[in-house]
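**Q** Sharing structure-v4.tsv, TSV, C-alpha atoms:
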```tsv
chain	number	residue	atom	x	y	z
A	1	MET	CA	-18.01	-5.67	-0.54
A	2	SER	CA	-16.19	-2.50	-1.48
A	3	ASP	CA	-17.00	-0.50	-4.58
A	4	THR	CA	-13.78	-1.52	-6.29
A	5	GLN	CA	-14.46	-5.21	-5.66
A	6	ASN	CA	-18.07	-5.34	-6.83
A	7	THR	CA	-17.99	-7.31	-10.08
A	8	SER	CA	-21.41	-8.98	-9.77
A	9	ALA	CA	-23.08	-6.08	-11.64
A	10	TRP	CA	-21.04	-6.65	-14.80
A	11	GLU	CA	-23.04	-8.12	-17.65
A	12	ARG	CA	-22.53	-7.41	-21.30
A	13	PRO	CA	-25.07	-4.98	-22.78
A	14	THR	CA	-28.19	-6.69	-24.08
A	15	ASN	CA	-29.47	-3.65	-25.95
A	16	LEU	CA	-28.02	-1.77	-28.87
A	17	PRO	CA	-28.30	2.00	-29.06
A	18	ASP	CA	-31.13	2.97	-31.43
A	19	ILE	CA	-29.55	4.86	-34.30
A	20	GLY	CA	-32.71	4.96	-36.40
A	21	ASP	CA	-31.86	5.54	-40.03
A	22	GLY	CA	-28.31	6.52	-39.10
A	23	THR	CA	-28.71	10.19	-40.05
A	24	ARG	CA	-28.80	11.66	-36.53
A	25	PRO	CA	-25.62	13.59	-35.62
A	26	GLY	CA	-23.22	11.41	-33.67
A	27	ARG	CA	-25.37	8.27	-33.96
A	28	GLY	CA	-24.35	6.69	-37.25
A	29	GLU	CA	-23.29	3.15	-38.14
A	30	ASP	CA	-19.63	3.95	-37.42
A	31	ASP	CA	-20.56	5.34	-34.00
A	32	LEU	CA	-22.49	2.17	-33.23
A	33	GLU	CA	-19.56	-0.04	-34.21
A	34	ASP	CA	-17.23	2.05	-32.02
A	35	TRP	CA	-19.70	1.68	-29.14
A	36	LYS	CA	-19.72	-2.12	-29.50
A	37	GLN	CA	-15.93	-2.34	-29.36
A	38	LEU	CA	-15.58	0.15	-26.54
A	39	THR	CA	-18.21	-1.43	-24.28
A	40	GLU	CA	-16.56	-4.81	-24.78
A	41	ARG	CA	-13.26	-3.33	-23.63
A	42	ILE	CA	-14.97	-1.69	-20.66
A	43	TYR	CA	-16.44	-5.07	-19.71
A	44	ASP	CA	-13.03	-6.74	-19.96
A	45	ILE	CA	-11.29	-4.04	-17.89
A	46	GLY	CA	-14.02	-3.86	-15.26
A	47	THR	CA	-14.14	-7.60	-14.67
A	48	SER	CA	-10.37	-8.14	-14.78
A	49	GLU	CA	-9.61	-5.27	-12.39
A	50	GLY	CA	-12.56	-5.95	-10.08
A	51	TRP	CA	-13.95	-2.44	-10.58
A	52	SER	CA	-17.64	-1.62	-10.36
A	53	LYS	CA	-19.44	0.48	-12.95
A	54	SER	CA	-19.42	3.49	-10.65
A	55	GLU	CA	-15.67	3.08	-10.19
A	56	ILE	CA	-15.13	2.95	-13.96
A	57	ALA	CA	-17.31	6.05	-14.33
A	58	ARG	CA	-15.30	7.88	-11.69
A	59	ARG	CA	-12.01	6.95	-13.31
A	60	MET	CA	-13.09	8.22	-16.72
A	61	ASP	CA	-14.66	11.36	-15.22
A	62	MET	CA	-18.19	10.56	-16.38
A	63	SER	CA	-21.30	10.78	-14.23
A	64	VAL	CA	-22.57	7.41	-13.01
A	65	GLY	CA	-25.98	8.01	-14.59
A	66	THR	CA	-24.53	8.85	-17.99
A	67	PHE	CA	-22.13	5.92	-17.89
A	68	SER	CA	-24.89	3.49	-16.90
A	69	GLN	CA	-27.05	4.60	-19.80
A	70	TYR	CA	-24.11	4.61	-22.20
A	71	PHE	CA	-22.92	1.13	-21.27
A	72	SER	CA	-26.42	-0.37	-21.30
A	73	GLY	CA	-27.16	1.02	-24.77
A	74	LYS	CA	-29.96	3.27	-23.50
A	75	TYR	CA	-28.18	6.59	-23.89
A	76	ASP	CA	-30.14	8.75	-26.32
A	77	GLY	CA	-27.60	11.53	-26.89
A	78	ARG	CA	-24.63	11.69	-29.22
A	79	LEU	CA	-22.66	8.45	-29.14
A	80	ASP	CA	-19.60	9.92	-30.79
A	81	THR	CA	-18.88	12.36	-27.93
A	82	ASN	CA	-19.00	9.68	-25.24
A	83	ASN	CA	-17.22	7.21	-27.50
A	84	ALA	CA	-14.33	9.67	-27.79
A	85	LYS	CA	-14.16	10.14	-24.02
A	86	VAL	CA	-14.24	6.40	-23.37
A	87	LYS	CA	-11.65	5.77	-26.07
A	88	ARG	CA	-9.23	8.30	-24.55
A	89	TRP	CA	-9.61	6.65	-21.14
A	90	ILE	CA	-9.05	3.16	-22.54
A	91	GLU	CA	-5.97	4.32	-24.45
A	92	SER	CA	-4.60	5.85	-21.24
A	93	TRP	CA	-5.35	2.65	-19.31
A	94	ASP	CA	-3.65	0.54	-21.99
A	95	GLU	CA	-0.60	2.80	-21.90
A	96	LEU	CA	-0.31	2.47	-18.12
A	97	ALA	CA	-0.84	-1.28	-18.35
A	98	ASP	CA	1.94	-1.55	-20.94
A	99	MET	CA	4.29	0.47	-18.74
A	100	ALA	CA	3.43	-1.66	-15.70
A	101	SER	CA	4.20	-4.81	-17.65
A	102	ILE	CA	7.81	-3.75	-18.24
A	103	VAL	CA	8.52	-2.64	-14.65
A	104	PRO	CA	10.89	-5.26	-13.22
A	105	THR	CA	9.67	-7.27	-10.26
A	106	GLY	CA	11.98	-7.30	-7.26
A	107	PRO	CA	12.82	-10.35	-5.17
A	108	GLY	CA	10.08	-9.56	-2.63
A	109	PHE	CA	10.78	-10.13	1.04
A	110	VAL	CA	14.45	-10.87	1.68
A	111	ALA	CA	15.28	-12.25	5.14
A	112	THR	CA	18.23	-9.93	5.73
A	113	PRO	CA	19.87	-9.80	9.18
A	114	THR	CA	17.97	-6.59	9.92
A	115	ALA	CA	14.69	-8.15	8.76
A	116	ARG	CA	15.34	-11.19	10.96
A	117	GLU	CA	16.04	-8.89	13.93
A	118	ILE	CA	12.72	-7.14	13.33
A	119	VAL	CA	10.86	-10.44	12.93
A	120	ASN	CA	12.39	-11.72	16.17
A	121	ALA	CA	11.18	-8.61	17.99
A	122	LEU	CA	7.69	-9.01	16.54
A	123	THR	CA	7.64	-12.68	17.51
A	124	PHE	CA	8.66	-11.72	21.04
A	125	ALA	CA	5.89	-9.12	21.21
A	126	GLN	CA	3.26	-11.60	20.01
A	127	CYS	CA	4.31	-14.57	22.11
A	128	MET	CA	4.92	-12.86	25.45
A	129	PRO	CA	2.75	-10.74	24.71
A	130	ASP	CA	4.62	-7.49	25.19
A	131	PHE	CA	5.30	-3.96	23.98
A	132	VAL	CA	8.25	-3.40	21.59
A	133	THR	CA	9.58	-0.45	19.64
A	134	ILE	CA	11.30	-0.82	16.28
A	135	THR	CA	13.29	2.14	15.03
A	136	ALA	CA	14.95	1.98	11.63
A	137	ALA	CA	15.93	4.48	8.99
A	138	ALA	CA	13.97	4.75	5.75
A	139	GLY	CA	14.83	2.04	3.28
A	140	THR	CA	16.18	-0.51	5.76
A	141	GLY	CA	13.25	-2.85	5.14
A	142	LYS	CA	11.29	-2.42	8.38
A	143	THR	CA	7.90	-1.96	6.67
A	144	THR	CA	8.47	-4.91	4.33
A	145	ALA	CA	9.45	-7.12	7.27
A	146	CYS	CA	6.38	-6.05	9.22
A	147	ARG	CA	4.04	-6.63	6.29
A	148	ASN	CA	5.51	-10.06	5.75
A	149	PHE	CA	4.98	-10.83	9.45
A	150	SER	CA	1.42	-9.47	9.42
A	151	ILE	CA	0.14	-12.39	7.32
A	152	ARG	CA	0.40	-14.56	10.43
A	153	PRO	CA	-2.75	-15.38	12.40
A	154	ASN	CA	-3.91	-12.81	14.96
A	155	VAL	CA	-1.53	-10.12	13.70
A	156	TRP	CA	-2.98	-6.81	12.53
A	157	MET	CA	-0.99	-3.98	10.98
A	158	ILE	CA	-2.02	-0.37	10.52
A	159	THR	CA	-0.11	2.65	9.29
A	160	ALA	CA	-0.38	5.92	11.18
A	161	SER	CA	-0.43	9.16	9.23
A	162	PRO	CA	-0.97	12.85	9.98
A	163	HIS	CA	-4.63	12.20	9.13
A	164	THR	CA	-5.00	9.29	11.57
A	165	LYS	CA	-2.67	10.47	14.34
A	166	THR	CA	-5.43	11.19	16.86
A	167	VAL	CA	-7.05	8.66	19.19
A	168	HIS	CA	-10.20	8.53	17.08
A	169	GLY	CA	-8.32	8.36	13.78
A	170	MET	CA	-6.14	5.53	15.06
A	171	LEU	CA	-9.16	3.63	16.43
A	172	ILE	CA	-10.94	3.92	13.08
A	173	GLU	CA	-7.91	2.48	11.26
A	174	LEU	CA	-7.57	-0.34	13.79
A	175	ALA	CA	-11.29	-1.16	13.69
A	176	GLU	CA	-11.19	-1.43	9.91
A	177	GLU	CA	-8.16	-3.72	10.06
A	178	LEU	CA	-10.00	-5.89	12.61
A	179	ASP	CA	-13.14	-5.98	10.41
A	180	ILE	CA	-15.16	-4.21	13.10
A	181	VAL	CA	-18.24	-2.19	12.12
A	182	GLN	CA	-19.12	0.20	14.92
A	183	HIS	CA	-20.69	3.55	14.11
A	184	ASN	CA	-20.84	4.78	17.69
A	185	PRO	CA	-17.44	6.34	18.54
A	186	ALA	CA	-18.10	5.88	22.25
A	187	LYS	CA	-18.27	2.11	21.79
A	188	LEU	CA	-15.29	1.79	19.45
A	189	THR	CA	-12.66	1.14	22.13
A	190	ARG	CA	-14.73	-1.59	23.77
A	191	ALA	CA	-15.54	-3.21	20.41
A	192	ILE	CA	-11.83	-3.39	19.55
A	193	GLY	CA	-11.03	-4.76	22.99
A	194	GLN	CA	-13.67	-7.47	22.69
A	195	ARG	CA	-12.34	-8.44	19.27
A	196	LEU	CA	-8.84	-8.79	20.70
A	197	LYS	CA	-10.16	-10.76	23.66
A	198	LYS	CA	-12.11	-13.09	21.38
A	199	ALA	CA	-8.96	-13.78	19.35
A	200	GLY	CA	-7.36	-15.27	22.46
A	201	ASN	CA	-3.73	-15.23	23.49
A	202	ARG	CA	-0.80	-14.20	21.32
A	203	THR	CA	-2.32	-11.34	19.40
A	204	LEU	CA	-0.26	-8.49	18.02
A	205	ILE	CA	-0.96	-4.97	16.79
A	206	ILE	CA	1.74	-3.47	14.56
A	207	VAL	CA	1.63	0.30	14.04
A	208	ASP	CA	3.91	1.48	11.26
A	209	GLU	CA	4.94	5.15	10.99
A	210	ALA	CA	4.03	5.34	14.68
A	211	GLN	CA	5.98	8.58	15.12
A	212	ASN	CA	2.87	10.28	13.71
A	213	LEU	CA	0.71	9.27	16.68
A	214	VAL	CA	-0.10	11.84	19.35
A	215	ASP	CA	0.65	10.83	22.94
A	216	ASP	CA	-2.99	10.08	23.76
A	217	ALA	CA	-3.19	7.65	20.83
A	218	VAL	CA	-0.13	5.78	22.08
A	219	ASN	CA	-1.69	5.67	25.54
A	220	GLN	CA	-4.86	4.23	24.04
A	221	LEU	CA	-2.81	1.45	22.48
A	222	ARG	CA	-1.23	0.84	25.87
A	223	HIS	CA	-4.78	0.38	27.20
A	224	PHE	CA	-5.25	-2.57	24.84
A	225	VAL	CA	-1.95	-4.08	25.97
A	226	ASP	CA	-2.81	-3.70	29.66
A	227	ASN	CA	-6.45	-4.76	29.53
A	228	TYR	CA	-6.64	-7.29	26.72
A	229	GLY	CA	-3.18	-8.86	26.80
A	230	CYS	CA	-2.24	-8.14	23.21
A	231	GLY	CA	1.25	-7.48	21.94
A	232	LEU	CA	2.09	-4.08	20.49
A	233	ALA	CA	4.87	-2.99	18.13
A	234	LEU	CA	5.45	0.70	17.47
A	235	VAL	CA	7.46	0.95	14.27
A	236	GLY	CA	8.91	4.11	12.82
A	237	ASN	CA	11.81	6.51	12.53
A	238	GLU	CA	14.31	7.72	15.12
A	239	GLU	CA	11.62	9.75	16.87
A	240	ILE	CA	10.14	6.51	18.23
A	241	TYR	CA	13.39	5.77	20.03
A	242	THR	CA	14.12	9.25	21.33
A	243	ARG	CA	10.51	9.82	22.37
A	244	PHE	CA	10.58	6.94	24.84
A	245	ALA	CA	14.28	6.99	25.72
A	246	LYS	CA	15.60	8.15	29.09
A	247	ARG	CA	15.43	11.94	29.15
A	248	THR	CA	15.46	14.80	31.61
A	249	ASP	CA	13.48	17.30	29.53
A	250	GLY	CA	9.90	17.08	28.30
A	251	PRO	CA	7.39	14.33	29.09
A	252	SER	CA	8.77	11.34	30.98
A	253	TYR	CA	6.44	8.74	29.40
A	254	ALA	CA	7.11	6.65	32.51
A	255	GLN	CA	3.95	4.56	32.11
A	256	LEU	CA	4.99	3.64	28.59
A	257	LYS	CA	8.74	3.22	29.02
A	258	ARG	CA	8.41	0.76	31.87
A	259	ARG	CA	6.21	-1.43	29.66
A	260	ILE	CA	8.63	-1.66	26.75
A	261	GLY	CA	9.93	-5.22	26.70
A	262	LYS	CA	12.34	-4.88	23.78
A	263	ARG	CA	13.77	-2.25	21.48
A	264	VAL	CA	15.24	-2.60	18.00
A	265	ARG	CA	17.26	0.32	16.66
A	266	ARG	CA	18.96	0.35	13.28
A	267	SER	CA	20.10	3.67	11.84
A	268	LYS	CA	21.53	2.21	8.62
A	269	PRO	CA	21.54	-1.13	6.81
A	270	ARG	CA	24.15	-3.75	7.56
A	271	ALA	CA	26.61	-4.67	4.82
A	272	GLU	CA	25.03	-8.14	4.84
A	273	ASP	CA	21.60	-6.59	4.16
A	274	ILE	CA	22.87	-5.02	0.95
A	275	GLU	CA	24.69	-8.20	-0.10
A	276	MET	CA	21.58	-10.32	0.40
A	277	LEU	CA	19.37	-7.85	-1.51
A	278	LEU	CA	21.78	-7.88	-4.46
A	279	ASP	CA	21.78	-11.68	-4.33
A	280	GLY	CA	17.98	-11.57	-4.40
A	281	TRP	CA	18.14	-9.43	-7.52
A	282	LYS	CA	20.64	-11.95	-8.96
A	283	ILE	CA	23.29	-9.26	-9.47
A	284	THR	CA	26.62	-11.02	-9.99
A	285	ASP	CA	28.79	-8.48	-11.80
A	286	PRO	CA	31.34	-7.18	-9.24
A	287	GLU	CA	31.41	-3.66	-10.67
A	288	VAL	CA	27.61	-3.42	-10.69
A	289	ARG	CA	27.48	-4.71	-7.11
A	290	LEU	CA	30.08	-2.14	-6.06
A	291	VAL	CA	28.11	0.78	-7.48
A	292	LEU	CA	24.84	-0.49	-5.99
A	293	THR	CA	26.50	-1.01	-2.62
A	294	GLY	CA	27.51	2.64	-2.63
A	295	ILE	CA	23.93	3.61	-3.45
A	296	GLY	CA	22.69	1.39	-0.62
A	297	HIS	CA	24.70	3.40	1.89
A	298	LYS	CA	22.91	6.62	0.96
A	299	ASP	CA	19.72	7.87	2.61
A	300	GLY	CA	16.95	5.52	1.56
A	301	ALA	CA	19.28	2.53	1.71
A	302	LEU	CA	17.81	-0.66	0.24
A	303	GLY	CA	14.91	1.26	-1.27
A	304	GLN	CA	17.36	3.30	-3.35
A	305	ILE	CA	18.88	0.09	-4.71
A	306	ASP	CA	15.46	-1.24	-5.74
A	307	LYS	CA	14.40	1.97	-7.46
A	308	THR	CA	17.70	2.41	-9.28
A	309	LEU	CA	17.79	-1.20	-10.46
A	310	LYS	CA	14.24	-1.02	-11.79
A	311	LEU	CA	14.97	2.15	-13.76
A	312	ALA	CA	18.21	0.70	-15.13
A	313	MET	CA	16.45	-2.51	-16.21
A	314	MET	CA	13.58	-0.62	-17.83
A	315	THR	CA	16.03	1.31	-20.00
A	316	GLY	CA	18.45	-1.54	-20.55
A	317	SER	CA	16.58	-3.39	-23.33
A	318	GLY	CA	16.92	-6.69	-21.51
A	319	LYS	CA	20.72	-6.74	-21.80
A	320	PRO	CA	22.99	-7.54	-18.83
A	321	LEU	CA	23.41	-4.50	-16.61
A	322	THR	CA	26.69	-2.62	-16.50
A	323	ALA	CA	28.08	-0.30	-13.85
A	324	ASP	CA	27.69	2.62	-16.27
A	325	GLN	CA	23.98	1.85	-16.69
A	326	ILE	CA	23.51	1.85	-12.93
A	327	LYS	CA	25.33	5.18	-12.64
A	328	ALA	CA	23.22	6.61	-15.45
A	329	ALA	CA	20.00	5.40	-13.83
A	330	TRP	CA	21.06	6.92	-10.51
A	331	ALA	CA	21.90	10.22	-12.20
A	332	ASN	CA	18.62	10.10	-14.10
A	333	ARG	CA	16.71	9.78	-10.82
A	334	ASP	CA	18.32	13.04	-9.65
A	335	VAL	CA	18.01	12.22	-5.94
A	336	GLU	CA	21.60	12.74	-4.81
A	337	GLY	CA	20.52	15.40	-2.38
A	338	LEU	CA	18.12	13.14	-0.50
```
Show this structure as structure tokens.

**A**
Amino acid sequence: MSDTQNTSAWERPTNLPDIGDGTRPGRGEDDLEDWKQLTERIYDIGTSEGWSKSEIARRMDMSVGTFSQYFSGKYDGRLDTNNAKVKRWIESWDELADMASIVPTGPGFVATPTAREIVNALTFAQCMPDFVTITAAAGTGKTTACRNFSIRPNVWMITASPHTKTVHGMLIELAEELDIVQHNPAKLTRAIGQRLKKAGNRTLIIVDEAQNLVDDAVNQLRHFVDNYGCGLALVGNEEIYTRFAKRTDGPSYAQLKRRIGKRVRRSKPRAEDIEMLLDGWKITDPEVRLVLTGIGHKDGALGQIDKTLKLAMMTGSGKPLTADQIKAAWANRDVEGL
């Protein structure tokens, strides 16, 4: 169990700090009462968020040893100093929690035409199984569609980054997603292969932001396709398409290109995508829809609509949105140059 999920260690303090006659600096009756209230709040936050004591200590920038003694009532130093530190952290946490509570919740996954096209490609890759590439501009919903698809059985999704672009970095990410514990790097490839083989037919690996992967990492993924019969979807920006498209300069990628069973390429959202997203947000005012449609055609597409709507709703005091509020929220975001 991860550190942030370990809640079994949480028990309310059974000891009270010894304040003696209450004359020691920072250890008076008021300090004790503050400690009681603060440790109760810590208990509530820790258990509700699923954070361990060491995680709480890290978040409030207190050593684990000091926090453990403080929370258990065994700390023998000044209570007032630690009380003040804990209080500041709790106030900050409460402020963030209050802000989070007013952030509007979007409609979640919307089965737009582009999303359905992506899902169809992923289904093809899993059922054949086969190798597909999905290229879509930022904000067109490709990651959301892939995440929604990844809840299906025998589908695993990882996200490549500059930090995990190498063969080893990619294998580590994939092993973690597959719940594989293998500390010997030389055995990692085989362990992943055996896990895929054990899962049977119709398995699928989805790699988002795949443009970050170096060529050898992509070739390693091809190894899993060839030797263990799993499907593979490389998902990312335009570089995914151009990298494996027909070309006369640079690497030919012949071994990879001939294995691609299907490509999806979408450089901008369809008009129907924007309409369906606005329907999901329950936006009915024609003027508001017109302004948001214009925003949806900018770089960032559907993501820009979501962000602008959330900001407009947060500042709108719960009243019906107007076109002017949307324009103001867009101007307030100051992202026109994106």

**Q** At a cut-off of 10 Å, using all atoms listed in the file, what residues contact Arg27 in chain A? Leave out same-chain residues fewer than 4 positions from it and give the result as a compact mmCIF listing (two decimals) with C-alpha atoms, in the frame of the given file.

**A**
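Contents of selection-v2.txt, freshly written:
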```txt
# COMPACT_ATOMS: atom_id res chain seq x y z
CA PRO A 17 -28.30 2.00 -29.06
CA ASP A 18 -31.13 2.97 -31.43
CA ILE A 19 -29.55 4.86 -34.30
CA GLY A 20 -32.71 4.96 -36.40
CA ASP A 21 -31.86 5.54 -40.03
CA GLY A 22 -28.31 6.52 -39.10
CA THR A 23 -28.71 10.19 -40.05
CA ASP A 31 -20.56 5.34 -34.00
CA LEU A 32 -22.49 2.17 -33.23
CA TRP A 35 -19.70 1.68 -29.14
CA ASP A 76 -30.14 8.75 -26.32
CA GLY A 77 -27.60 11.53 -26.89
CA ARG A 78 -24.63 11.69 -29.22
CA LEU A 79 -22.66 8.45 -29.14
CA ASP A 80 -19.60 9.92 -30.79
CA THR A 81 -18.88 12.36 -27.93
```

**Q** Taking the point (27.7, -2.0, -9.0) as given in the file, collect each protein or nucleic acid residue that comes within 10 Å of it, counting only C-alpha atoms, and present the set as a PyMOL selection string.

**A** chain A and resi 278+283-295+321-327

**Q** Contacts of range 297-307 of chain A at 10 Å or less, counting only C-alpha atoms, minus same-chain residues fewer than 5 places along, as a list in words?

**A** Pro104, Thr105, Gly106, Pro107, Ala137, Ala138, Gly139, Thr140, Gly141, Lys268, Pro269, Arg270, Ala271, Asp273, Ile274, Leu277, Leu278, Trp281, Val291, Leu292, Ala312, Ile326, Ala329, Trp330, Arg333, Val335, Glu336, Gly337 and Leu338 of chain A

**Q** Between A:Ile260, A:Leu221, A:Glu117, A:Asp208, which is the closest to His168 in chain A once you count only C-alpha atoms?

**A**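 Ranked by minimum distance to His168 in chain A, first place goes to A:Leu221.
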
**Q** In terms of the shortest atom-to-atom distance over all atoms listed in the file, which of A:Ile42, A:Lys319, A:Asn83, A:Ala233 is closest to Asp30 in chain A?

**A**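 Smallest separation from Asp30 in chain A among the options: A:Asn83.
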
**Q** Smallest atom-to-atom distance to Arg147 in chain A: which of A:Leu234, A:Val119, A:Val167, A:Ala57, using all atoms listed in the file?

**A**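 Distance minimum relative to Arg147 in chain A lands on A:Val119.
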
**Q** Residues at most 12 Å from range 67-75 of chain A, counting all atoms listed in the file, excluding those fewer than 6 positions away in the same chain, as a PDB file with C-alpha atoms, in the coordinates of the input?

**A**
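And here is the file that came out, out31.pdb:
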```
ATOM      1  CA  ALA A   9     -23.080  -6.080 -11.640  1.00  0.00           C
ATOM      2  CA  TRP A  10     -21.040  -6.650 -14.800  1.00  0.00           C
ATOM      3  CA  GLU A  11     -23.040  -8.120 -17.650  1.00  0.00           C
ATOM      4  CA  ARG A  12     -22.530  -7.410 -21.300  1.00  0.00           C
ATOM      5  CA  PRO A  13     -25.070  -4.980 -22.780  1.00  0.00           C
ATOM      6  CA  THR A  14     -28.190  -6.690 -24.080  1.00  0.00           C
ATOM      7  CA  ASN A  15     -29.470  -3.650 -25.950  1.00  0.00           C
ATOM      8  CA  LEU A  16     -28.020  -1.770 -28.870  1.00  0.00           C
ATOM      9  CA  PRO A  17     -28.300   2.000 -29.060  1.00  0.00           C
ATOM     10  CA  ASP A  18     -31.130   2.970 -31.430  1.00  0.00           C
ATOM     11  CA  ILE A  19     -29.550   4.860 -34.300  1.00  0.00           C
ATOM     12  CA  GLY A  26     -23.220  11.410 -33.670  1.00  0.00           C
ATOM     13  CA  ARG A  27     -25.370   8.270 -33.960  1.00  0.00           C
ATOM     14  CA  LEU A  32     -22.490   2.170 -33.230  1.00  0.00           C
ATOM     15  CA  TRP A  35     -19.700   1.680 -29.140  1.00  0.00           C
ATOM     16  CA  LYS A  36     -19.720  -2.120 -29.500  1.00  0.00           C
ATOM     17  CA  GLN A  37     -15.930  -2.340 -29.360  1.00  0.00           C
ATOM     18  CA  LEU A  38     -15.580   0.150 -26.540  1.00  0.00           C
ATOM     19  CA  THR A  39     -18.210  -1.430 -24.280  1.00  0.00           C
ATOM     20  CA  GLU A  40     -16.560  -4.810 -24.780  1.00  0.00           C
ATOM     21  CA  ARG A  41     -13.260  -3.330 -23.630  1.00  0.00           C
ATOM     22  CA  ILE A  42     -14.970  -1.690 -20.660  1.00  0.00           C
ATOM     23  CA  TYR A  43     -16.440  -5.070 -19.710  1.00  0.00           C
ATOM     24  CA  GLY A  46     -14.020  -3.860 -15.260  1.00  0.00           C
ATOM     25  CA  SER A  52     -17.640  -1.620 -10.360  1.00  0.00           C
ATOM     26  CA  LYS A  53     -19.440   0.480 -12.950  1.00  0.00           C
ATOM     27  CA  SER A  54     -19.420   3.490 -10.650  1.00  0.00           C
ATOM     28  CA  GLU A  55     -15.670   3.080 -10.190  1.00  0.00           C
ATOM     29  CA  ILE A  56     -15.130   2.950 -13.960  1.00  0.00           C
ATOM     30  CA  ALA A  57     -17.310   6.050 -14.330  1.00  0.00           C
ATOM     31  CA  ARG A  58     -15.300   7.880 -11.690  1.00  0.00           C
ATOM     32  CA  ARG A  59     -12.010   6.950 -13.310  1.00  0.00           C
ATOM     33  CA  MET A  60     -13.090   8.220 -16.720  1.00  0.00           C
ATOM     34  CA  ASP A  61     -14.660  11.360 -15.220  1.00  0.00           C
ATOM     35  CA  THR A  81     -18.880  12.360 -27.930  1.00  0.00           C
ATOM     36  CA  ASN A  82     -19.000   9.680 -25.240  1.00  0.00           C
ATOM     37  CA  ASN A  83     -17.220   7.210 -27.500  1.00  0.00           C
ATOM     38  CA  LYS A  85     -14.160  10.140 -24.020  1.00  0.00           C
ATOM     39  CA  VAL A  86     -14.240   6.400 -23.370  1.00  0.00           C
TER      40      VAL A  86
END
```

**Q** Around all the atoms of range 154-169 of chain A listed in the file, with 5 Å of room on each side, what axis-aligned box do you get, giving centre and edge lengths in Å to one decimal, as lines of an AutoDock Vina configuration file?

**A**
```
center_x = -5.2
center_y = 0.0
center_z = 14.2
size_x = 20.1
size_y = 35.7
size_z = 20.1
```

**Q** In Å, with one decimal, what is the gap from CA of Pro153 in chain A to CA of Ala199 in chain A?

**A** 9.5 Å

**Q** Find the residues near Tyr241 in chain A: any atom within 9 Å, counting all atoms listed in the file, skip ones fewer than 5 places away on the same chain, and give them as an MDAnalysis selection string.

**A** chainID A and resid 133:135 236 263:265

**Q** Selected residues, C-alpha atoms, written as a CSV table (one decimal), in the frame of the given file, please.

**A**
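As written to disk, out_37.csv reads:
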```csv
chain,number,residue,atom,x,y,z
A,133,THR,CA,9.6,-0.4,19.6
A,134,ILE,CA,11.3,-0.8,16.3
A,135,THR,CA,13.3,2.1,15.0
A,236,GLY,CA,8.9,4.1,12.8
A,263,ARG,CA,13.8,-2.2,21.5
A,264,VAL,CA,15.2,-2.6,18.0
A,265,ARG,CA,17.3,0.3,16.7
```
